[in-house]
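Asker: Hey, dropping entry.csv in here, CSV, C-alpha atoms and all ligand atoms:
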chain,number,residue,atom,x,y,z
A,293,MET,CA,91.6,103.2,114.5
A,294,GLY,CA,92.1,101.2,111.3
A,295,ARG,CA,91.7,97.5,111.2
A,296,LEU,CA,95.3,97.1,109.9
A,297,ASP,CA,97.0,99.8,111.9
A,298,ASN,CA,100.8,99.3,112.1
A,299,LYS,CA,100.7,96.3,109.8
A,300,VAL,CA,102.9,95.9,106.7
A,301,ALA,CA,101.4,94.1,103.6
A,302,VAL,CA,102.8,92.8,100.3
A,303,ILE,CA,100.2,92.4,97.6
A,304,THR,CA,101.0,90.8,94.3
A,305,GLY,CA,99.0,91.5,91.1
A,306,ALA,CA,98.2,94.9,92.8
A,307,ALA,CA,98.4,96.9,89.5
A,308,SER,CA,94.9,95.9,88.6
A,309,GLY,CA,91.6,94.2,89.5
A,310,MET,CA,91.2,92.7,92.9
A,311,GLY,CA,94.8,93.2,94.0
A,312,ARG,CA,94.5,97.0,93.4
A,313,ALA,CA,91.1,97.1,95.2
A,314,THR,CA,92.7,95.3,98.1
A,315,ALA,CA,95.7,97.6,98.3
A,316,ILE,CA,93.4,100.6,98.4
A,317,ARG,CA,91.3,99.0,101.1
A,318,PHE,CA,94.3,97.9,103.2
A,319,ALA,CA,95.7,101.4,102.9
A,320,ALA,CA,92.5,103.0,104.1
A,321,GLU,CA,92.7,100.6,107.2
A,322,GLY,CA,96.2,101.8,108.1
A,323,ALA,CA,98.5,99.3,106.5
A,324,ALA,CA,101.8,100.1,104.7
A,325,ILE,CA,101.8,98.4,101.3
A,326,VAL,CA,104.3,97.0,98.9
A,327,VAL,CA,102.4,97.0,95.6
A,328,ALA,CA,104.0,94.2,93.5
A,329,ASP,CA,103.3,93.5,89.8
A,330,LEU,CA,104.9,93.1,86.4
A,331,ASN,CA,102.9,96.1,85.3
A,332,GLN,CA,104.8,99.2,86.4
A,333,GLU,CA,102.4,101.8,85.1
A,334,GLY,CA,99.4,100.2,86.8
A,335,GLY,CA,101.4,99.5,89.9
A,336,GLU,CA,102.5,103.1,90.3
A,337,SER,CA,98.9,104.2,89.8
A,338,THR,CA,97.8,101.9,92.7
A,339,VAL,CA,100.6,103.4,94.9
A,340,ARG,CA,99.2,106.9,94.2
A,341,GLN,CA,95.7,105.8,95.2
A,342,CYS,CA,97.0,104.2,98.4
A,343,ARG,CA,98.9,107.4,99.3
A,344,GLU,CA,95.7,109.4,98.7
A,345,ASN,CA,94.3,107.3,101.5
A,346,GLY,CA,97.1,108.5,103.7
A,347,ALA,CA,99.1,105.3,103.6
A,348,ARG,CA,102.7,104.6,103.0
A,349,ALA,CA,103.1,102.6,99.8
A,350,VAL,CA,105.8,101.6,97.3
A,351,PHE,CA,105.9,99.8,94.0
A,352,GLN,CA,108.1,96.8,93.5
A,353,LYS,CA,108.4,95.4,90.0
A,354,THR,CA,108.0,91.7,90.4
A,355,ASP,CA,107.5,88.6,88.3
A,356,VAL,CA,106.0,86.1,90.8
A,357,ALA,CA,107.3,83.2,88.8
A,358,SER,CA,110.9,84.3,89.6
A,359,GLU,CA,112.4,83.4,93.0
A,360,ALA,CA,114.8,86.3,92.9
A,361,ASP,CA,112.0,88.7,92.3
A,362,VAL,CA,109.9,87.3,95.1
A,363,LYS,CA,112.8,87.4,97.5
A,364,ALA,CA,113.4,91.0,96.6
A,365,MET,CA,109.7,91.8,97.0
A,366,ILE,CA,109.6,90.5,100.5
A,367,ALA,CA,113.0,92.1,101.4
A,368,ARG,CA,111.6,95.5,100.2
A,369,ALA,CA,108.8,95.3,102.7
A,370,VAL,CA,111.3,94.8,105.5
A,371,SER,CA,113.8,97.4,104.3
A,372,GLU,CA,111.1,100.0,103.6
A,373,PHE,CA,108.7,99.4,106.5
A,374,GLY,CA,110.6,97.4,109.0
A,375,ARG,CA,108.5,94.2,109.2
A,376,LEU,CA,106.1,91.9,107.3
A,377,ASP,CA,102.6,91.0,108.7
A,378,ILE,CA,100.5,90.2,105.6
A,379,THR,CA,101.3,88.6,102.2
A,380,TYR,CA,98.6,88.4,99.6
A,381,ASN,CA,99.6,86.1,96.7
A,382,ASN,CA,97.1,87.3,94.1
A,383,ALA,CA,98.8,87.8,90.8
A,384,GLY,CA,97.3,85.8,88.0
A,385,LEU,CA,96.5,85.3,84.4
A,386,VAL,CA,94.4,83.0,82.3
A,387,GLY,CA,97.3,81.1,80.8
A,388,ALA,CA,97.1,78.1,78.5
A,389,LEU,CA,93.8,77.5,76.6
A,390,GLY,CA,92.4,74.7,74.5
A,391,PRO,CA,92.0,70.9,74.7
A,392,LEU,CA,94.5,69.3,77.0
A,393,GLU,CA,95.9,67.2,74.2
A,394,GLU,CA,96.9,70.3,72.3
A,395,VAL,CA,98.3,72.3,75.3
A,396,THR,CA,102.1,72.4,74.9
A,397,VAL,CA,104.5,71.7,77.8
A,398,GLU,CA,105.8,75.3,77.6
A,399,GLU,CA,102.3,76.8,77.9
A,400,TRP,CA,101.5,74.3,80.8
A,401,ASP,CA,104.7,75.2,82.6
A,402,ARG,CA,104.3,79.0,82.2
A,403,THR,CA,100.7,78.8,83.5
A,404,GLN,CA,101.8,76.8,86.6
A,405,ALA,CA,104.8,79.0,87.1
A,406,VAL,CA,102.7,82.1,87.6
A,407,LEU,CA,99.7,80.6,89.3
A,408,LEU,CA,101.2,77.9,91.5
A,409,ARG,CA,104.9,78.4,91.8
A,410,GLY,CA,104.2,82.1,92.4
A,411,VAL,CA,102.1,81.2,95.5
A,412,PHE,CA,104.7,78.7,96.7
A,413,LEU,CA,107.4,81.4,96.5
A,414,GLY,CA,105.2,84.0,98.2
A,415,ILE,CA,104.6,81.6,101.1
A,416,LYS,CA,108.2,80.4,101.3
A,417,HIS,CA,109.8,83.8,101.5
A,418,SER,CA,107.2,85.3,103.9
A,419,ILE,CA,107.9,82.8,106.7
A,420,ALA,CA,111.2,84.1,108.1
A,421,PRO,CA,110.1,87.8,108.4
A,422,MET,CA,106.7,86.8,109.7
A,423,ARG,CA,108.3,84.5,112.3
A,424,GLN,CA,110.4,87.4,113.4
A,425,ALA,CA,107.3,89.6,113.7
A,426,GLY,CA,105.7,87.0,115.9
A,427,GLY,CA,103.1,85.8,113.4
A,428,GLY,CA,101.3,86.8,110.2
A,429,SER,CA,98.6,86.2,107.7
A,430,ILE,CA,99.2,84.8,104.2
A,431,ILE,CA,96.3,84.9,101.8
A,432,SER,CA,96.2,83.7,98.2
A,433,THR,CA,93.7,84.0,95.4
A,434,ALA,CA,92.6,80.6,94.3
A,435,SER,CA,89.2,80.3,92.3
A,436,ILE,CA,86.0,78.3,92.1
A,437,ALA,CA,87.8,76.8,89.1
A,438,GLY,CA,90.1,75.0,91.6
A,439,MET,CA,87.1,73.3,93.3
A,440,ARG,CA,85.5,71.5,90.3
A,441,GLY,CA,86.4,70.8,86.7
A,442,GLY,CA,85.1,73.0,83.9
A,443,PHE,CA,84.8,76.4,85.5
A,444,GLY,CA,88.1,77.6,83.9
A,445,PRO,CA,90.7,76.5,81.4
A,446,HIS,CA,92.1,73.2,82.6
A,447,PRO,CA,95.7,74.2,83.3
A,448,TYR,CA,94.4,77.3,85.2
A,449,SER,CA,92.0,75.1,87.1
A,450,ALA,CA,94.6,72.6,88.1
A,451,ALA,CA,96.9,75.4,89.3
A,452,LYS,CA,94.1,76.9,91.4
A,453,ALA,CA,93.3,73.4,92.9
A,454,GLY,CA,97.0,73.3,93.8
A,455,VAL,CA,96.7,76.7,95.6
A,456,ILE,CA,93.8,75.4,97.7
A,457,ASN,CA,95.8,72.3,98.8
A,458,LEU,CA,99.0,74.2,99.3
A,459,THR,CA,97.1,76.6,101.6
A,460,GLN,CA,96.0,73.7,103.8
A,461,CYS,CA,99.5,72.2,103.9
A,462,ALA,CA,101.1,75.5,104.8
A,463,ALA,CA,98.4,76.3,107.4
A,464,VAL,CA,99.3,73.1,109.2
A,465,GLU,CA,103.0,73.6,108.9
A,466,PHE,CA,103.2,77.1,110.1
A,467,ALA,CA,100.4,77.2,112.8
A,468,LYS,CA,103.1,76.8,115.4
A,469,ASP,CA,104.6,80.1,114.3
A,470,ARG,CA,101.2,81.9,114.5
A,471,ILE,CA,101.3,82.3,110.8
A,472,ARG,CA,97.8,81.8,109.3
A,473,VAL,CA,97.4,80.7,105.7
A,474,ASN,CA,94.1,81.0,103.9
A,475,CYS,CA,92.9,81.4,100.3
A,476,ILE,CA,89.9,83.1,98.6
A,477,CYS,CA,87.9,81.4,95.9
A,478,PRO,CA,86.3,84.1,93.8
A,479,GLY,CA,83.5,83.4,91.4
A,480,GLY,CA,83.1,85.7,88.4
A,481,ILE,CA,84.6,89.1,89.2
A,482,ASP,CA,84.5,92.1,86.9
A,483,THR,CA,88.3,92.7,86.2
A,484,PRO,CA,90.4,93.0,83.1
A,485,ILE,CA,91.8,89.4,83.3
A,486,MET,CA,89.9,88.2,80.3
A,487,GLY,CA,90.9,91.2,78.2
A,488,ARG,CA,88.0,93.5,78.8
A,489,ARG,CA,85.9,94.1,81.8
A,490,ALA,CA,83.1,91.5,81.9
A,491,SER,CA,80.4,94.3,82.5
A,492,GLU,CA,81.3,95.7,79.0
A,493,SER,CA,81.1,92.3,77.2
A,494,SER,CA,78.1,91.0,75.4
A,495,GLY,CA,77.7,88.3,78.1
A,496,ALA,CA,77.2,90.8,80.9
A,497,GLU,CA,73.5,89.8,81.4
A,498,ALA,CA,74.4,86.1,81.5
A,499,GLN,CA,77.3,86.8,83.9
A,500,ALA,CA,74.9,88.7,86.2
A,501,HIS,CA,72.5,85.8,86.3
A,502,ALA,CA,75.1,83.1,86.7
A,503,GLN,CA,74.8,83.3,90.5
A,504,PRO,CA,71.9,83.5,92.9
A,505,LEU,CA,72.9,87.0,94.0
A,506,GLN,CA,72.2,88.4,90.6
A,507,ARG,CA,75.1,90.7,89.9
A,508,ILE,CA,78.7,90.0,88.8
A,509,GLY,CA,81.3,90.2,91.6
A,510,GLN,CA,83.3,93.4,92.0
A,511,PRO,CA,87.0,93.6,93.0
A,512,GLU,CA,85.8,95.2,96.3
A,513,ASP,CA,83.9,92.0,97.2
A,514,ILE,CA,87.3,90.3,97.3
A,515,ALA,CA,89.0,93.1,99.0
A,516,ASN,CA,86.5,92.9,101.9
A,517,MET,CA,87.3,89.2,102.4
A,518,ALA,CA,91.0,89.8,102.1
A,519,LEU,CA,90.7,92.5,104.8
A,520,PHE,CA,89.0,90.1,107.1
A,521,LEU,CA,91.6,87.4,106.6
A,522,ALA,CA,94.4,89.9,107.0
A,523,SER,CA,93.1,91.4,110.2
A,524,ASP,CA,93.1,90.0,113.7
A,525,GLU,CA,89.4,89.5,113.4
A,526,SER,CA,90.2,86.1,111.7
A,527,GLU,CA,92.8,85.1,114.3
A,528,TRP,CA,91.3,81.6,114.8
A,529,ILE,CA,91.0,80.9,111.0
A,530,THR,CA,93.6,79.1,109.0
A,531,GLY,CA,93.7,76.6,106.2
A,532,THR,CA,90.4,77.7,104.7
A,533,SER,CA,89.2,78.4,101.2
A,534,MET,CA,86.8,81.3,101.4
A,535,LEU,CA,84.1,81.3,98.7
A,536,VAL,CA,83.2,84.7,97.5
A,537,ASP,CA,80.9,83.9,94.6
A,538,GLY,CA,77.4,85.3,95.0
A,539,GLY,CA,76.2,81.8,95.7
A,540,PHE,CA,77.5,80.4,92.4
A,541,MET,CA,78.8,77.1,93.9
A,542,ALA,CA,75.6,76.6,95.9
A,543,ARG,CA,73.8,75.9,92.7
A,544,ALA,CA,76.7,75.2,90.4
A,545,HIS,CA,75.0,72.1,88.9
A,546,SER,CA,72.6,74.4,87.0
A,547,PHE,CA,75.2,76.5,85.3
A,548,GLY,CA,75.4,75.0,81.9
A,549,ARG,CA,77.1,77.6,79.8
A,550,MET,CA,80.8,77.3,80.7
A,551,THR,CA,81.2,73.6,80.2
A,552,THR,CA,84.4,71.8,79.7
A,553,ALA,CA,83.7,71.6,76.0
A,554,THR,CA,83.3,75.4,75.9
A,555,TRP,CA,86.7,76.0,77.4
A,556,ALA,CA,88.3,73.5,75.1
A,557,ASN,CA,87.1,75.6,72.2
A,558,PHE,CA,89.4,78.5,73.0
A,559,LYS,CA,93.0,78.3,71.7
A,560,GLY,CA,96.4,79.8,72.6
A,561,TYR,CA,97.8,81.4,75.7
A,562,VAL,CA,96.5,84.5,77.5
A,563,GLY,CA,99.2,86.5,79.3
A,564,PRO,CA,98.9,89.3,81.9
A,565,SER,CA,95.8,91.5,81.4
A,566,PHE,CA,97.8,94.6,80.7
A,567,GLU,CA,99.5,93.0,77.7
A,568,ILE,CA,96.2,91.9,76.1
A,569,LYS,CA,95.6,93.9,72.9
A,570,SER,CA,91.9,93.7,72.3
B,601,LIG,N1,88.3,87.9,87.6
B,601,LIG,C1,87.8,86.7,87.9
B,601,LIG,O1,86.7,86.4,87.6
B,601,LIG,C2,88.6,85.7,88.8
B,601,LIG,C3,87.9,84.6,89.4
B,601,LIG,C4,88.6,83.7,90.2
B,601,LIG,C5,90.0,84.0,90.4
B,601,LIG,N2,90.6,85.0,89.9
B,601,LIG,C6,92.0,85.3,90.2
B,601,LIG,O2,92.1,86.5,90.8
B,601,LIG,C7,93.5,87.0,90.8
B,601,LIG,C8,93.5,88.5,90.4
B,601,LIG,O3,93.0,88.6,89.0
B,601,LIG,P1,92.1,89.8,88.5
B,601,LIG,O4,90.8,89.1,88.2
B,601,LIG,O5,92.1,90.9,89.5
B,601,LIG,O6,92.8,90.1,87.2
B,601,LIG,P2,93.7,91.4,86.7
B,601,LIG,O7,94.3,91.0,85.4
B,601,LIG,O8,92.9,92.6,86.9
B,601,LIG,O9,94.9,91.4,87.8
B,601,LIG,C9,95.9,90.4,87.8
B,601,LIG,C10,97.2,91.1,88.0
B,601,LIG,O10,98.3,90.1,88.1
B,601,LIG,C11,99.4,90.7,87.3
B,601,LIG,N3,100.3,89.6,86.9
B,601,LIG,C12,100.1,88.7,85.9
B,601,LIG,N4,101.1,87.9,85.8
B,601,LIG,C13,102.1,88.3,86.8
B,601,LIG,C14,103.4,87.9,87.1
B,601,LIG,N5,104.0,86.8,86.5
B,601,LIG,N6,104.0,88.5,88.1
B,601,LIG,C15,103.4,89.6,88.7
B,601,LIG,N7,102.2,90.0,88.4
B,601,LIG,C16,101.5,89.4,87.4
B,601,LIG,C17,98.8,91.4,86.2
B,601,LIG,O11,99.7,92.4,85.6
B,601,LIG,C18,97.6,92.1,86.9
B,601,LIG,O12,97.9,93.4,87.4
B,601,LIG,C19,94.2,86.1,89.8
B,601,LIG,O13,94.9,85.1,90.6
B,601,LIG,C20,93.1,85.4,89.1
B,601,LIG,O14,93.4,84.1,88.6
B,601,LIG,C21,90.0,85.9,89.0
Will you turn the file into structure tokens for me?
Answerer:
Amino acid sequence: MGRLDNKVAVITGAASGMGRATAIRFAAEGAAIVVADLNQEGGESTVRQCRENGARAVFQKTDVASEADVKAMIARAVSEFGRLDITYNNAGLVGALGPLEEVTVEEWDRTQAVLLRGVFLGIKHSIAPMRQAGGGSIISTASIAGMRGGFGPHPYSAAKAGVINLTQCAAVEFAKDRIRVNCICPGGIDTPIMGRRASESSGAEAQAHAQPLQRIGQPEDIANMALFLASDESEWITGTSMLVDGGFMARAHSFGRMTTATWANFKGYVGPSFEIKS
């Protein structure tokens, strides 16, 4: 018996990092998966790994900032697998960097479009099929950066704060439909989002010591939380922001390295991890 037997899940950003780890975990627990991402090659590789776990899985090329794409992504779950039980809005990128006074409107808008509009669209288009299924679980990836200033680039952090609040609003609105809405706030997780895996970078030692549980987070740490929120084990939990951070926020006041000034020293715009050259 799997913890997600007979359930159908859509996972965005599932070509890489925590989205891929979650797709593989959900597959092992009996769910059918729509793997959604801009990155076709990575997405198809995730599909293969899900199928190796005995699951049904398909890739749907999706830009989460596009309403047409998100509609098609949700429609694919219903046309392929007959229903929708779980949506995990997880796709993300770093987006606009630098001091706020130098961030352009275009960079700001592109960052919000992926990180916040993408979550809004994922929630919006999941409601009708979940209502039809008698309920569902919507999960989004926010961040510790959405809880305080200075833990991420400012446009990124503002978007993640929006995800936390939108989660609460949607949880209240859709509780009557038995649709639960929660988000996960990861701490530092070893994924390609910054351009290279943190464990390979020169700051690996510092990354490990950044939290009381002295190792950097792994994508599987997030997959475990996503599995709990997706399953019926969390049936009385909605509107929450689940911290998965090795205790980072419990002593965040002592973490001096990633200050606001540090983030403001970076420049430019960082797109999806699979497009990062270095
Ligand atoms: N890694 C961390 O330390 C950390 C910490 C807190 C929150 N997060 C968040 O976790 C989520 C997953 O990131 P990750 O760390 O696994 O990074 P990742 O780069 O490994 O995965 C992100 C995925 O999102 C996809 N993506 C980017 N833009 C997209 C778009 N417009 N449409 C569809 N897919 C798109 C990428 O192609 C990639 O496959 C993101 O929302 C990120 O902001 C990461």
Asker: Could you give me, as JSON lines, every chain A residue with an atom at most 6 Å from ligand LIG 601 (chain B), plus its closest atom pair and distance in Å to one decimal, counting all atoms listed in the file, rows ordered by chain then number?
Answerer:
{"residue": "A:Gly305", "atom": "CA", "partner": "B:LIG601", "partner_atom": "O10", "distance": 3.4}
{"residue": "A:Ala306", "atom": "CA", "partner": "B:LIG601", "partner_atom": "O12", "distance": 5.6}
{"residue": "A:Ala307", "atom": "CA", "partner": "B:LIG601", "partner_atom": "O12", "distance": 4.1}
{"residue": "A:Ser308", "atom": "CA", "partner": "B:LIG601", "partner_atom": "O12", "distance": 4.1}
{"residue": "A:Gly309", "atom": "CA", "partner": "B:LIG601", "partner_atom": "O8", "distance": 3.3}
{"residue": "A:Met310", "atom": "CA", "partner": "B:LIG601", "partner_atom": "O5", "distance": 4.0}
{"residue": "A:Gly311", "atom": "CA", "partner": "B:LIG601", "partner_atom": "O5", "distance": 5.7}
{"residue": "A:Asp329", "atom": "CA", "partner": "B:LIG601", "partner_atom": "N7", "distance": 3.9}
{"residue": "A:Leu330", "atom": "CA", "partner": "B:LIG601", "partner_atom": "C15", "distance": 4.4}
{"residue": "A:Asn331", "atom": "CA", "partner": "B:LIG601", "partner_atom": "O11", "distance": 4.9}
{"residue": "A:Thr354", "atom": "CA", "partner": "B:LIG601", "partner_atom": "C15", "distance": 5.3}
{"residue": "A:Asp355", "atom": "CA", "partner": "B:LIG601", "partner_atom": "N6", "distance": 3.5}
{"residue": "A:Val356", "atom": "CA", "partner": "B:LIG601", "partner_atom": "N6", "distance": 4.1}
{"residue": "A:Ala357", "atom": "CA", "partner": "B:LIG601", "partner_atom": "N5", "distance": 5.4}
{"residue": "A:Asn382", "atom": "CA", "partner": "B:LIG601", "partner_atom": "O13", "distance": 4.7}
{"residue": "A:Ala383", "atom": "CA", "partner": "B:LIG601", "partner_atom": "O10", "distance": 3.6}
{"residue": "A:Gly384", "atom": "CA", "partner": "B:LIG601", "partner_atom": "C19", "distance": 3.6}
{"residue": "A:Leu385", "atom": "CA", "partner": "B:LIG601", "partner_atom": "C12", "distance": 5.2}
{"residue": "A:Val406", "atom": "CA", "partner": "B:LIG601", "partner_atom": "N5", "distance": 5.0}
{"residue": "A:Thr433", "atom": "CA", "partner": "B:LIG601", "partner_atom": "O13", "distance": 5.1}
{"residue": "A:Ala434", "atom": "CA", "partner": "B:LIG601", "partner_atom": "C5", "distance": 5.8}
{"residue": "A:Ser435", "atom": "CA", "partner": "B:LIG601", "partner_atom": "C4", "distance": 4.0}
{"residue": "A:Pro478", "atom": "CA", "partner": "B:LIG601", "partner_atom": "C4", "distance": 4.3}
{"residue": "A:Gly479", "atom": "CA", "partner": "B:LIG601", "partner_atom": "C3", "distance": 5.0}
{"residue": "A:Gly480", "atom": "CA", "partner": "B:LIG601", "partner_atom": "O1", "distance": 3.8}
{"residue": "A:Ile481", "atom": "CA", "partner": "B:LIG601", "partner_atom": "O1", "distance": 3.8}
{"residue": "A:Asp482", "atom": "CA", "partner": "B:LIG601", "partner_atom": "N1", "distance": 5.7}
{"residue": "A:Thr483", "atom": "CA", "partner": "B:LIG601", "partner_atom": "O8", "distance": 4.7}
{"residue": "A:Pro484", "atom": "CA", "partner": "B:LIG601", "partner_atom": "O8", "distance": 4.6}
{"residue": "A:Ile485", "atom": "CA", "partner": "B:LIG601", "partner_atom": "O7", "distance": 3.6}
{"residue": "A:Pro564", "atom": "CA", "partner": "B:LIG601", "partner_atom": "C12", "distance": 4.2}
{"residue": "A:Ser565", "atom": "CA", "partner": "B:LIG601", "partner_atom": "O7", "distance": 4.3}
{"residue": "A:Phe566", "atom": "CA", "partner": "B:LIG601", "partner_atom": "O11", "distance": 5.7}
Asker: Closest to Ala319 (chain A) among A:Gly441, A:Gly531, A:Gly294, A:Gly539, using all atoms listed in the file?
Answerer: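 The shortest atom-to-atom distance to Ala319 (chain A) comes from A:Gly294.
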Asker: So which one's closest to Asp524 (chain A), A:Arg375, A:Arg470, A:Arg543, A:Arg312? Using all atoms listed in the file, please.
Answerer: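 Among the listed residues, A:Arg470 lies closest to Asp524 (chain A).
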Asker: Using CA of Ala301 (chain A) and CA of Ile456 (chain A) as the two end points, give the distance in Å to one decimal.
Answerer: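 These two atoms are separated by 21.0 Å.
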Asker: Show me, as a list in words, the residues that have an atom within 10 Å of Ala542 (chain A) when counting all atoms listed in the file, minus same-chain residues fewer than 5 positions from it.
Answerer: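 The residues that qualify are Gln503, Pro504 and Asp537 of chain A.
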Asker: Show me a table, sorted first by chain and then by increasing residue number, of the residues of region 320-416 of chain A having an atom at most 12 Å from region 520-523 of chain A, each with its shortest atom pair and the distance in Å to one decimal, counting only C-alpha atoms and written as a tab-separated table.
Answerer:
residue	atom	partner	partner_atom	distance
A:Glu321	CA	A:Ser523	CA	9.7
A:Gly322	CA	A:Ser523	CA	11.1
A:Ala323	CA	A:Ser523	CA	10.3
A:Leu376	CA	A:Ala522	CA	11.9
A:Asp377	CA	A:Ala522	CA	8.4
A:Ile378	CA	A:Ala522	CA	6.3
A:Thr379	CA	A:Ala522	CA	8.5
A:Tyr380	CA	A:Ala522	CA	8.6
Asker: Interatomic distance between CA of Met365 (chain A) and CA of Ala515 (chain A)?
Answerer: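 So the answer is 20.8 Å.
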Asker: For Val339 (chain A), which residue out of A:Ile316, A:Ala425, A:Gly414, A:Ile508 is the nearest one, using all atoms listed in the file?
Answerer: A:Ile316
Asker: Fewer than 6 positions away in the same chain doesn't count, so skip those; otherwise give me all residues within 10 Å of Asp401 (chain A), counting only C-alpha atoms, as a PyMOL selection string.
Answerer: chain A and resi 387-388+407-409+447
Asker: At what distance in Å, to one decimal, does CA of Ile303 (chain A) lie from CA of Phe318 (chain A)?
Answerer: 9.8 Å
Asker: Find, counting all atoms listed in the file, the residue in A:Thr554, A:Gly560, A:Val300, A:Ala320 that gets nearest to Gln341 (chain A).
Answerer: A:Ala320
Asker: Restore N, CA and C atoms in region 512-532 of chain A and list the result as a CSV table (one decimal), in the frame of the given file.
Answerer:
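out_14.csv, written as the output of this step:
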chain,number,residue,atom,x,y,z
A,512,GLU,N,86.0,94.8,94.9
A,512,GLU,CA,85.8,95.2,96.3
A,512,GLU,C,85.2,94.1,97.1
A,513,ASP,N,84.4,93.2,96.5
A,513,ASP,CA,83.9,92.0,97.2
A,513,ASP,C,85.1,91.2,97.7
A,514,ILE,N,86.1,91.1,96.9
A,514,ILE,CA,87.3,90.3,97.3
A,514,ILE,C,88.1,91.0,98.3
A,515,ALA,N,88.3,92.3,98.1
A,515,ALA,CA,89.0,93.1,99.0
A,515,ALA,C,88.5,93.0,100.4
A,516,ASN,N,87.1,93.0,100.5
A,516,ASN,CA,86.5,92.9,101.9
A,516,ASN,C,86.9,91.6,102.5
A,517,MET,N,86.9,90.5,101.8
A,517,MET,CA,87.3,89.2,102.4
A,517,MET,C,88.8,89.2,102.7
A,518,ALA,N,89.6,89.7,101.8
A,518,ALA,CA,91.0,89.8,102.1
A,518,ALA,C,91.3,90.6,103.4
A,519,LEU,N,90.6,91.7,103.6
A,519,LEU,CA,90.7,92.5,104.8
A,519,LEU,C,90.4,91.7,106.0
A,520,PHE,N,89.3,91.0,106.0
A,520,PHE,CA,89.0,90.1,107.1
A,520,PHE,C,90.1,89.1,107.4
A,521,LEU,N,90.6,88.4,106.4
A,521,LEU,CA,91.6,87.4,106.6
A,521,LEU,C,92.9,88.0,107.0
A,522,ALA,N,93.2,89.3,106.6
A,522,ALA,CA,94.4,89.9,107.0
A,522,ALA,C,94.4,90.5,108.4
A,523,SER,N,93.2,90.8,108.9
A,523,SER,CA,93.1,91.4,110.2
A,523,SER,C,93.0,90.4,111.3
A,524,ASP,N,93.2,90.9,112.5
A,524,ASP,CA,93.1,90.0,113.7
A,524,ASP,C,91.7,89.5,114.0
A,525,GLU,N,90.7,90.0,113.3
A,525,GLU,CA,89.4,89.5,113.4
A,525,GLU,C,89.3,88.0,113.0
A,526,SER,N,90.2,87.5,112.2
A,526,SER,CA,90.2,86.1,111.7
A,526,SER,C,91.3,85.3,112.4
A,527,GLU,N,91.7,85.7,113.7
A,527,GLU,CA,92.8,85.1,114.3
A,527,GLU,C,92.7,83.6,114.5
A,528,TRP,N,91.5,83.1,114.5
A,528,TRP,CA,91.3,81.6,114.8
A,528,TRP,C,91.0,80.9,113.5
A,529,ILE,N,91.3,81.5,112.3
A,529,ILE,CA,91.0,80.9,111.0
A,529,ILE,C,92.2,80.7,110.2
A,530,THR,N,92.5,79.4,109.9
A,530,THR,CA,93.6,79.1,109.0
A,530,THR,C,93.3,77.8,108.2
A,531,GLY,N,93.9,77.7,107.0
A,531,GLY,CA,93.7,76.6,106.2
A,531,GLY,C,92.4,76.6,105.4
A,532,THR,N,91.7,77.7,105.4
A,532,THR,CA,90.4,77.7,104.7
A,532,THR,C,90.5,78.2,103.3
